[in-house]
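Peer 1: Just coords.txt, nothing more (compact mmCIF, C-alpha atoms):
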```
# COMPACT_ATOMS: atom_id res chain seq x y z
CA MET A 1 0.00 0.00 0.00
CA LYS A 2 2.86 2.33 0.88
CA ASN A 3 4.51 1.77 -2.53
CA ARG A 4 1.22 2.31 -4.34
CA SER A 5 0.69 5.68 -2.58
CA MET A 6 4.23 6.71 -3.47
CA TRP A 7 3.69 5.81 -7.14
CA LEU A 8 0.41 7.73 -7.20
CA LEU A 9 2.16 10.76 -5.72
CA ILE A 10 4.96 10.51 -8.29
CA ALA A 11 2.43 10.16 -11.12
CA PHE A 12 0.49 13.18 -9.86
CA VAL A 13 3.62 15.34 -9.59
CA ALA A 14 4.79 14.23 -13.05
CA SER A 15 1.46 15.01 -14.70
CA ALA A 16 1.21 18.37 -12.90
CA SER A 17 4.75 19.24 -14.03
CA ALA A 18 3.94 18.28 -17.61
CA GLY A 19 0.81 20.46 -17.45
CA LEU A 20 2.78 23.42 -16.13
CA ALA A 21 5.44 22.95 -18.80
CA TRP A 22 2.75 22.96 -21.48
CA ALA A 23 1.12 26.08 -20.01
CA ALA A 24 4.49 27.86 -19.90
CA LYS A 25 5.25 27.02 -23.54
CA LYS A 26 7.13 29.89 -25.07
CA GLU A 27 6.31 31.17 -28.54
CA ILE A 28 7.66 33.92 -30.74
CA VAL A 29 5.17 36.74 -31.22
CA THR A 30 5.44 38.71 -34.44
CA MET A 31 3.49 41.68 -35.75
CA ALA A 32 4.00 43.30 -39.16
CA PRO A 33 3.27 47.04 -39.56
CA GLU A 34 0.16 46.24 -41.62
CA ASP A 35 -1.18 44.14 -38.70
CA LEU A 36 -1.14 47.06 -36.24
CA LYS A 37 -4.58 48.36 -35.27
CA TRP A 38 -4.25 52.10 -34.75
CA ILE A 39 -6.75 53.93 -32.55
CA GLU A 40 -6.92 57.64 -31.85
CA VAL A 41 -6.50 58.57 -28.19
CA PRO A 42 -9.59 60.60 -27.13
CA LYS A 43 -8.98 64.34 -26.61
CA SER A 44 -5.32 64.00 -27.66
CA GLY A 45 -5.18 66.19 -30.74
CA GLY A 46 -4.51 63.29 -33.09
CA VAL A 47 -2.21 61.01 -31.07
CA GLN A 48 -2.69 57.38 -32.12
CA VAL A 49 -1.65 54.14 -30.43
CA ALA A 50 -1.39 50.53 -31.56
CA ASN A 51 -1.23 47.94 -28.78
CA VAL A 52 1.34 45.16 -29.17
CA SER A 53 0.68 43.52 -25.80
CA GLY A 54 -1.77 44.44 -23.09
CA ASP A 55 -3.83 47.60 -23.50
CA VAL A 56 -2.34 51.07 -23.15
CA MET A 57 -5.70 52.40 -21.85
CA LYS A 58 -6.37 49.65 -19.29
CA GLY A 59 -3.18 48.24 -17.75
CA ALA A 60 0.35 47.03 -18.38
CA TYR A 61 1.19 47.43 -22.06
CA ALA A 62 3.65 47.66 -24.91
CA ALA A 63 2.51 49.82 -27.81
CA PHE A 64 3.49 52.03 -30.70
CA ALA A 65 2.47 55.69 -30.47
CA LYS A 66 2.23 58.30 -33.25
CA ILE A 67 2.43 61.95 -32.24
CA PRO A 68 1.69 64.66 -34.84
CA ALA A 69 4.58 66.94 -35.83
CA GLY A 70 4.69 70.10 -33.74
CA GLN A 71 2.36 68.79 -31.01
CA MET A 72 3.56 69.75 -27.54
CA HIS A 73 2.19 68.56 -24.19
CA PRO A 74 2.42 71.16 -21.40
CA MET A 75 3.73 70.28 -17.94
CA HIS A 76 2.20 66.98 -16.80
CA THR A 77 2.86 63.73 -14.96
CA HIS A 78 2.01 60.07 -15.47
CA SER A 79 0.80 57.71 -12.73
CA LYS A 80 3.21 54.96 -13.84
CA ASP A 81 6.70 54.85 -15.34
CA THR A 82 6.83 55.23 -19.11
CA LYS A 83 9.73 53.78 -21.10
CA ALA A 84 10.09 54.45 -24.81
CA VAL A 85 12.31 54.28 -27.87
CA VAL A 86 12.03 56.94 -30.58
CA MET A 87 11.55 55.17 -33.92
CA SER A 88 11.23 58.28 -36.13
CA GLY A 89 10.92 62.04 -35.79
CA THR A 90 12.44 64.15 -33.02
CA PHE A 91 10.82 63.78 -29.61
CA LEU A 92 11.26 66.65 -27.14
CA LEU A 93 11.41 65.98 -23.41
CA THR A 94 12.08 68.39 -20.55
CA ALA A 95 11.93 67.58 -16.83
CA GLU A 96 10.65 70.42 -14.63
CA GLY A 97 13.53 72.88 -14.17
CA GLY A 98 15.70 70.88 -16.59
CA VAL A 99 17.09 71.33 -20.06
CA GLU A 100 15.17 70.20 -23.14
CA LYS A 101 16.38 66.92 -24.63
CA ARG A 102 15.98 66.43 -28.39
CA LEU A 103 15.69 62.69 -28.97
CA GLY A 104 16.03 61.33 -32.50
CA PRO A 105 15.57 57.83 -33.90
CA GLY A 106 17.15 55.14 -31.71
CA SER A 107 16.97 57.28 -28.56
CA TYR A 108 15.60 55.79 -25.33
CA PHE A 109 13.91 57.50 -22.41
CA ASP A 110 12.35 56.47 -19.10
CA VAL A 111 10.03 58.92 -17.35
CA PRO A 112 9.35 57.89 -13.72
CA GLY A 113 5.72 58.06 -12.61
CA GLY A 114 4.95 61.37 -10.88
CA LEU A 115 7.83 63.30 -12.50
CA LYS A 116 6.72 66.70 -13.81
CA HIS A 117 7.78 67.25 -17.40
CA THR A 118 6.82 68.55 -20.83
CA SER A 119 7.02 66.47 -23.98
CA GLY A 120 6.08 66.52 -27.61
CA CYS A 121 7.16 66.12 -31.19
CA ALA A 122 9.32 68.69 -32.97
CA ALA A 123 7.91 70.40 -36.05
CA GLY A 124 8.80 68.93 -39.41
CA ALA A 125 7.89 65.24 -39.07
CA PRO A 126 5.54 63.18 -36.89
CA CYS A 127 7.08 61.06 -34.14
CA LEU A 128 6.75 57.31 -33.86
CA LEU A 129 7.57 55.79 -30.46
CA PHE A 130 7.60 52.28 -29.09
CA GLN A 131 6.66 52.51 -25.44
CA GLU A 132 5.76 50.33 -22.51
CA GLY A 133 4.47 50.75 -19.01
CA PRO A 134 3.46 48.69 -15.97
CA GLY A 135 -0.03 50.23 -15.89
CA ALA A 136 -2.47 52.21 -17.99
CA PHE A 137 -0.99 55.28 -19.67
CA ASP A 138 -2.37 58.58 -18.42
CA MET A 139 -1.43 62.24 -18.63
CA LYS A 140 -2.21 64.45 -15.64
CA PRO A 141 -1.82 68.20 -16.31
CA VAL A 142 0.15 70.13 -13.72
CA GLU A 143 -1.46 73.41 -12.67
CA ALA A 144 0.69 76.45 -13.39
CA LYS A 145 1.74 78.43 -10.31
CA ALA A 146 -0.08 81.74 -9.75
CA ALA A 147 3.13 83.67 -10.57
CA ASP A 148 3.45 81.76 -13.87
CA LYS A 149 -0.12 82.64 -14.92
CA LYS A 150 0.59 86.41 -15.03
```
Represent the structure from my file as structure tokens, please.
Peer 2:
Amino acid sequence: MKNRSMWLLIAFVASASAGLAWAAKKEIVTMAPEDLKWIEVPKSGGVQVANVSGDVMKGAYAAFAKIPAGQMHPMHTHSKDTKAVVMSGTFLLTAEGGVEKRLGPGSYFDVPGGLKHTSGCAAGAPCLLFQEGPGAFDMKPVEAKAADKK
């Protein structure tokens, strides 16, 4: 009886392991440009996103983003970190009190959640970014100080 129980336990562990291995099967994910489904971000002035994994509007994500040429976003923050690579165009990024960074194709940036900054796309050509974040993307405007409003 003792041996039978041991064999049943071994069989159970083996089948559970096989099931976990099957569930953890790794696959290559590919997506051609023509397969991207672009959607316009509401109230964004023409910014479009195409989810690659997750959903940029709902939770953790990886996505492409198109920003129209010349579009600037005034001082704002994001709830979560935002990491991105500039694919085309010149992306402009300035931390509060900092110096403007002009980021061309191949440039990388990581904006920590809660950091006040401005961003946008330089005039001349639209910007294409590949970005990811651990939670839904948002943009919270930062109120200008009373002295700045004059």
Peer 1: Can you tell me, as a list in words, what residues are no more than 8 Å from range 104-112 of chain A when counting all atoms listed in the file, ignoring any on the same chain fewer than 6 positions away?
Peer 2: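 The neighbour list is His78, Lys80, Asp81, Thr82, Lys83, Ala84, Val85, Val86, Met87, Ser88, Gly89, Thr90 and Phe91 of chain A.
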Peer 1: For CA of Met139 in chain A and CA of Pro68 in chain A, quote the distance in Å rounded to one decimal.
Peer 2: 16.7 Å
Peer 1: Quick one: residues within 10 Å of (0.4, 56.8, -19.3) (file frame), counting only C-alpha atoms, please, as an MDAnalysis selection string.
Peer 2: chainID A and resid 56:61 77:83 113 131:140
Peer 1: Grab the CA of Ala123 in chain A to CA of Gln71 in chain A distance for me, in Å with one decimal place.
Peer 2: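 CA of Gln71 in chain A lies 7.7 Å from CA of Ala123 in chain A.
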Peer 1: Please determine, counting only C-alpha atoms, which residue among A:Lys26, A:Lys66, A:Lys116, A:Arg102 has the shortest atom-to-atom distance to Glu143 in chain A.
Peer 2: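 Ranked by minimum distance to Glu143 in chain A, first place goes to A:Lys116.
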Peer 1: Just the number, please: distance in Å from CA of Gly45 in chain A to CA of Gly124 in chain A, one decimal.
Peer 2: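 Separation of CA of Gly45 in chain A and CA of Gly124 in chain A: 16.7 Å.
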Peer 1: Counting all atoms listed in the file, which of A:Leu128, A:Ala63, A:Leu92, A:Met75 gets nearest to Leu36 in chain A?
Peer 2: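 Looking only at the distances to Leu36 in chain A, the closest residue turns out to be A:Ala63.
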Peer 1: Would you give the centre and edge lengths, in Å to one decimal, of a box along x, y and z around the listed atoms of range 130-144 of chain A, with 8 Å added to each side, as JSON?
Peer 2:
```
{"center_x": 2.6, "center_y": 62.6, "center_z": -20.9, "size_x": 26.1, "size_y": 43.8, "size_z": 32.4}
```
Peer 1: Taking into account all atoms listed in the file, which residue in the set A:His73, A:Glu100, A:Ile67, A:Pro33 is nearest to Asn51 in chain A?
Peer 2: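 Closest to Asn51 in chain A of all the choices is A:Pro33.
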Peer 1: Kindly complete range 22-54 of chain A to N, CA and C atoms; the output should be written as an mmCIF file, keeping the file's coordinate frame.
Peer 2:
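Done, and the output landed in result_21.cif:
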```cif
data_model
loop_
_atom_site.group_PDB
_atom_site.id
_atom_site.type_symbol
_atom_site.label_atom_id
_atom_site.label_comp_id
_atom_site.auth_asym_id
_atom_site.auth_seq_id
_atom_site.Cartn_x
_atom_site.Cartn_y
_atom_site.Cartn_z
ATOM 1 N N TRP A 22 3.550 22.654 -20.299
ATOM 2 C CA TRP A 22 2.750 22.960 -21.480
ATOM 3 C C TRP A 22 2.187 24.373 -21.382
ATOM 4 N N ALA A 23 1.705 24.752 -20.203
ATOM 5 C CA ALA A 23 1.120 26.080 -20.010
ATOM 6 C C ALA A 23 2.172 27.170 -20.163
ATOM 7 N N ALA A 24 3.416 26.882 -19.824
ATOM 8 C CA ALA A 24 4.490 27.860 -19.900
ATOM 9 C C ALA A 24 5.203 27.826 -21.253
ATOM 10 N N LYS A 25 4.639 27.125 -22.210
ATOM 11 C CA LYS A 25 5.250 27.020 -23.540
ATOM 12 C C LYS A 25 5.529 28.406 -24.091
ATOM 13 N N LYS A 26 6.727 28.595 -24.557
ATOM 14 C CA LYS A 26 7.130 29.890 -25.070
ATOM 15 C C LYS A 26 6.969 29.898 -26.591
ATOM 16 N N GLU A 27 6.492 31.019 -27.110
ATOM 17 C CA GLU A 27 6.310 31.170 -28.540
ATOM 18 C C GLU A 27 6.810 32.544 -28.954
ATOM 19 N N ILE A 28 7.266 32.633 -30.179
ATOM 20 C CA ILE A 28 7.660 33.920 -30.740
ATOM 21 C C ILE A 28 6.394 34.644 -31.175
ATOM 22 N N VAL A 29 6.294 35.907 -30.800
ATOM 23 C CA VAL A 29 5.170 36.740 -31.220
ATOM 24 C C VAL A 29 5.698 37.710 -32.260
ATOM 25 N N THR A 30 5.034 37.772 -33.395
ATOM 26 C CA THR A 30 5.440 38.710 -34.440
ATOM 27 C C THR A 30 4.246 39.575 -34.827
ATOM 28 N N MET A 31 4.538 40.774 -35.301
ATOM 29 C CA MET A 31 3.490 41.680 -35.750
ATOM 30 C C MET A 31 4.081 42.572 -36.835
ATOM 31 N N ALA A 32 3.564 42.459 -38.045
ATOM 32 C CA ALA A 32 4.000 43.300 -39.160
ATOM 33 C C ALA A 32 3.298 44.654 -39.070
ATOM 34 N N PRO A 33 3.907 45.708 -39.619
ATOM 35 C CA PRO A 33 3.270 47.040 -39.560
ATOM 36 C C PRO A 33 1.824 47.029 -40.048
ATOM 37 N N GLU A 34 1.536 46.266 -41.082
ATOM 38 C CA GLU A 34 0.160 46.240 -41.620
ATOM 39 C C GLU A 34 -0.820 45.531 -40.678
ATOM 40 N N ASP A 35 -0.316 44.824 -39.670
ATOM 41 C CA ASP A 35 -1.180 44.140 -38.700
ATOM 42 C C ASP A 35 -1.541 45.032 -37.510
ATOM 43 N N LEU A 36 -0.860 46.169 -37.370
ATOM 44 C CA LEU A 36 -1.140 47.060 -36.240
ATOM 45 C C LEU A 36 -2.525 47.677 -36.384
ATOM 46 N N LYS A 37 -3.249 47.754 -35.293
ATOM 47 C CA LYS A 37 -4.580 48.360 -35.270
ATOM 48 C C LYS A 37 -4.474 49.698 -34.546
ATOM 49 N N TRP A 38 -4.420 50.770 -35.312
ATOM 50 C CA TRP A 38 -4.250 52.100 -34.750
ATOM 51 C C TRP A 38 -5.580 52.654 -34.270
ATOM 52 N N ILE A 39 -5.573 53.250 -33.070
ATOM 53 C CA ILE A 39 -6.750 53.930 -32.550
ATOM 54 C C ILE A 39 -6.334 55.321 -32.095
ATOM 55 N N GLU A 40 -7.225 56.283 -32.289
ATOM 56 C CA GLU A 40 -6.920 57.640 -31.850
ATOM 57 C C GLU A 40 -7.240 57.757 -30.353
ATOM 58 N N VAL A 41 -6.309 58.354 -29.622
ATOM 59 C CA VAL A 41 -6.500 58.570 -28.190
ATOM 60 C C VAL A 41 -7.488 59.733 -28.025
ATOM 61 N N PRO A 42 -8.599 59.530 -27.306
ATOM 62 C CA PRO A 42 -9.590 60.600 -27.130
ATOM 63 C C PRO A 42 -8.959 61.880 -26.555
ATOM 64 N N LYS A 43 -9.394 63.020 -27.088
ATOM 65 C CA LYS A 43 -8.980 64.340 -26.610
ATOM 66 C C LYS A 43 -7.458 64.519 -26.619
ATOM 67 N N SER A 44 -6.777 63.930 -27.616
ATOM 68 C CA SER A 44 -5.320 64.000 -27.660
ATOM 69 C C SER A 44 -4.781 64.854 -28.798
ATOM 70 N N GLY A 45 -5.656 65.394 -29.621
ATOM 71 C CA GLY A 45 -5.180 66.190 -30.740
ATOM 72 C C GLY A 45 -4.562 65.371 -31.852
ATOM 73 N N GLY A 46 -4.978 64.111 -31.980
ATOM 74 C CA GLY A 46 -4.510 63.290 -33.090
ATOM 75 C C GLY A 46 -3.481 62.227 -32.734
ATOM 76 N N VAL A 47 -3.140 62.069 -31.457
ATOM 77 C CA VAL A 47 -2.210 61.010 -31.070
ATOM 78 C C VAL A 47 -2.903 59.664 -31.298
ATOM 79 N N GLN A 48 -2.166 58.716 -31.870
ATOM 80 C CA GLN A 48 -2.690 57.380 -32.120
ATOM 81 C C GLN A 48 -1.802 56.350 -31.443
ATOM 82 N N VAL A 49 -2.404 55.236 -31.018
ATOM 83 C CA VAL A 49 -1.650 54.140 -30.430
ATOM 84 C C VAL A 49 -2.068 52.825 -31.075
ATOM 85 N N ALA A 50 -1.128 51.887 -31.085
ATOM 86 C CA ALA A 50 -1.390 50.530 -31.560
ATOM 87 C C ALA A 50 -0.806 49.578 -30.533
ATOM 88 N N ASN A 51 -1.672 48.872 -29.814
ATOM 89 C CA ASN A 51 -1.230 47.940 -28.780
ATOM 90 C C ASN A 51 -0.498 46.752 -29.410
ATOM 91 N N VAL A 52 0.598 46.358 -28.779
ATOM 92 C CA VAL A 52 1.340 45.160 -29.170
ATOM 93 C C VAL A 52 1.075 44.069 -28.145
ATOM 94 N N SER A 53 1.083 44.450 -26.868
ATOM 95 C CA SER A 53 0.680 43.520 -25.800
ATOM 96 C C SER A 53 -0.021 44.341 -24.735
ATOM 97 N N GLY A 54 -0.986 43.727 -24.079
ATOM 98 C CA GLY A 54 -1.770 44.440 -23.090
ATOM 99 C C GLY A 54 -2.632 45.500 -23.758
#
```
